[in-house]
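Contents: one structure, followed by commentary.
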Amino acid sequence: MSQSSRLRFPYLMPQQAQKHLTHNEALRLLDVLVQTAVVSADRTDEPESAAEGDLFILPAGRSGARWATMAEGALALCENGAFVEIEPTEGQIAYVRDRKVLLVYTQGAWTGEPFAPRPSASFAVNAEPSSTNRLTVAADAELLTHDARTPGTGDARKIINKAAPGRTAAVLFQTGFSGRAEFGLVGNDDFSLRVSADGASFRDAMRIGASDGRVAVARAGAAVCALDVGGPVRVGTFAKAALPAAAAGAGQIVFVPDEAGGAVLAFSDGAAWRRVTDRAVVA
C-alpha cells in the first residue's frame, strides 16, 4: 500500500529517493483536509486571480480553463498561481466563508443537512418538560423583546393560533397549578376575560364580540349594545367645585354628592354639567 486508506496520504517507501517530496505532499493534503475552510461553494466562474491557499468547492456549472476539467464537488486549491484538484474524503467538514455555514461531504456530494435546525419534541429551562407542557420554563421572569439584532421591524407580538372557532387560544393564570384567570378566545372567537375561585368553574368578567365589538361586562352571553353590563354601574364622584371640564366631551356622566336639593347624576352637554333629573345646570 503506497497511501493511507482514508485520507490517501502518500507513504514514505524504503530506499525512496527524494523522500521530502512525498512528505511535503502529505503536508499539503493535511493543509487542505484538516480544518477545511473554503472561500465559496457556489461560485461557478474560475477566478482570474486568487490568493495562494484559496480553496473552493466546485459546484455544477463551473467554468474556466482548469475548473471545467475538475469534478463537481472537488476541492480547487490555488497553489503556485494555479488551481489544482483535490478529492474530498467521506465525512469531511468544510466551513464556507461567504455563506457562513458548515457543509459535510458524504456519498459523493456536499450537504448542509446534518447542520440544519431540527424541531425538538420538547424543551425546558431549569425544569422538566411534560407530554402536555412541551415547553417549560422555571424562572422568576421571562422576556420577549423586539428583534434589535437582525434587525427586525421594531414590533413584538406573541401569536397563539387555534385550529377552529370551537377550540381555545388563551393565556391561563394559576395559583398552585389551579386556574384563577384566563383571557383569550375560549371555545369561540369572542375575546373574553374570565375568572375562577376553584380552577374548575369559570365565569365571564368581560366578553367582546368578534363580529360587532360590543362589550359585555359581568354577564353571560353576547352584548346587545355597545356596553352591556350585568349589574349596577358606578360612575366617578365629583364635588361641584371639582367637576372635570364639561368641554372635554359631551356625554360624560358623573355623580355629584353635594348638589343643591341632594345628590344627583350629572351629564356633560359639551359646555356645562346638567342634572339628569331636570337638565338644569349644576350650580
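Residues are named by chain letter and number: chains run A, B, ... in the order of the C-alpha cells, numbers start at 1 in each chain, and ligands are numbered from 1 in the order shown.
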Inset, instruction - Name the residues of stretch 201-253 of chain A that come out as strand (DSSP E) in a backbone DSSP run; write them as a ChimeraX atom specification. - result: /A:202-208,215-217,227-229,253
Just-selected residues, N, CA and C atoms written as a PDB file, in the first residue's frame:
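Final file, out-v8.pdb:
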```pdb
ATOM      1  N   PHE A 202     -65.587  28.583  35.901  1.00  0.00           N
ATOM      2  CA  PHE A 202     -65.183  29.923  35.471  1.00  0.00           C
ATOM      3  C   PHE A 202     -66.413  30.759  35.136  1.00  0.00           C
ATOM      4  N   ARG A 203     -66.318  32.057  35.366  1.00  0.00           N
ATOM      5  CA  ARG A 203     -67.378  32.973  34.970  1.00  0.00           C
ATOM      6  C   ARG A 203     -66.780  34.130  34.178  1.00  0.00           C
ATOM      7  N   ASP A 204     -67.545  34.598  33.196  1.00  0.00           N
ATOM      8  CA  ASP A 204     -67.069  35.702  32.370  1.00  0.00           C
ATOM      9  C   ASP A 204     -67.057  37.001  33.156  1.00  0.00           C
ATOM     10  N   ALA A 205     -65.924  37.688  33.139  1.00  0.00           N
ATOM     11  CA  ALA A 205     -65.851  39.042  33.681  1.00  0.00           C
ATOM     12  C   ALA A 205     -66.084  40.051  32.564  1.00  0.00           C
ATOM     13  N   MET A 206     -65.649  39.684  31.347  1.00  0.00           N
ATOM     14  CA  MET A 206     -65.833  40.568  30.190  1.00  0.00           C
ATOM     15  C   MET A 206     -65.803  39.728  28.930  1.00  0.00           C
ATOM     16  N   ARG A 207     -66.629  40.114  27.969  1.00  0.00           N
ATOM     17  CA  ARG A 207     -66.623  39.449  26.663  1.00  0.00           C
ATOM     18  C   ARG A 207     -66.799  40.515  25.579  1.00  0.00           C
ATOM     19  N   ILE A 208     -65.970  40.446  24.552  1.00  0.00           N
ATOM     20  CA  ILE A 208     -66.045  41.377  23.427  1.00  0.00           C
ATOM     21  C   ILE A 208     -66.401  40.578  22.181  1.00  0.00           C
ATOM     22  N   VAL A 215     -69.281  45.092  24.050  1.00  0.00           N
ATOM     23  CA  VAL A 215     -68.648  44.624  25.281  1.00  0.00           C
ATOM     24  C   VAL A 215     -69.709  44.242  26.306  1.00  0.00           C
ATOM     25  N   ALA A 216     -69.624  43.017  26.775  1.00  0.00           N
ATOM     26  CA  ALA A 216     -70.484  42.551  27.859  1.00  0.00           C
ATOM     27  C   ALA A 216     -69.640  42.435  29.114  1.00  0.00           C
ATOM     28  N   VAL A 217     -70.118  43.034  30.219  1.00  0.00           N
ATOM     29  CA  VAL A 217     -69.378  43.023  31.478  1.00  0.00           C
ATOM     30  C   VAL A 217     -70.217  42.326  32.540  1.00  0.00           C
ATOM     31  N   LEU A 227     -72.136  48.684  25.192  1.00  0.00           N
ATOM     32  CA  LEU A 227     -71.703  48.278  26.528  1.00  0.00           C
ATOM     33  C   LEU A 227     -72.903  47.707  27.251  1.00  0.00           C
ATOM     34  N   ASP A 228     -72.837  46.440  27.589  1.00  0.00           N
ATOM     35  CA  ASP A 228     -73.950  45.731  28.223  1.00  0.00           C
ATOM     36  C   ASP A 228     -73.442  45.189  29.555  1.00  0.00           C
ATOM     37  N   VAL A 229     -73.923  45.772  30.651  1.00  0.00           N
ATOM     38  CA  VAL A 229     -73.412  45.439  31.986  1.00  0.00           C
ATOM     39  C   VAL A 229     -74.457  44.633  32.743  1.00  0.00           C
ATOM     40  N   ILE A 253     -70.732  61.247  32.216  1.00  0.00           N
ATOM     41  CA  ILE A 253     -71.661  61.134  33.338  1.00  0.00           C
ATOM     42  C   ILE A 253     -70.862  61.033  34.626  1.00  0.00           C
TER      43      ILE A 253
END
```
Legend entry - Neighbour list for A:Ser268 as number ranges by chain, cut-off 9 Å, only C-alpha atoms, skip fewer than 4 positions in-chain: A: 245-254, 272-274
Inset, instruction - Skip A:Ala138 itself and residues of its chain fewer than 6 positions away, then list as a ChimeraX atom specification all residues within 9 Å of it, counting only C-alpha atoms. - result: /A:124-128
Just write the chosen residues, C-alpha atoms, as a PDB file, in the first residue's frame.
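Wrote it out as part30.pdb, contents follow:
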```
ATOM      1  CA  ALA A 124     -37.226  23.093  29.121  1.00  0.00           C
ATOM      2  CA  VAL A 125     -35.266  25.695  31.059  1.00  0.00           C
ATOM      3  CA  ASN A 126     -34.471  24.890  34.687  1.00  0.00           C
ATOM      4  CA  ALA A 127     -37.315  22.341  34.696  1.00  0.00           C
ATOM      5  CA  GLU A 128     -38.562  19.088  33.180  1.00  0.00           C
TER       6      GLU A 128
END
```
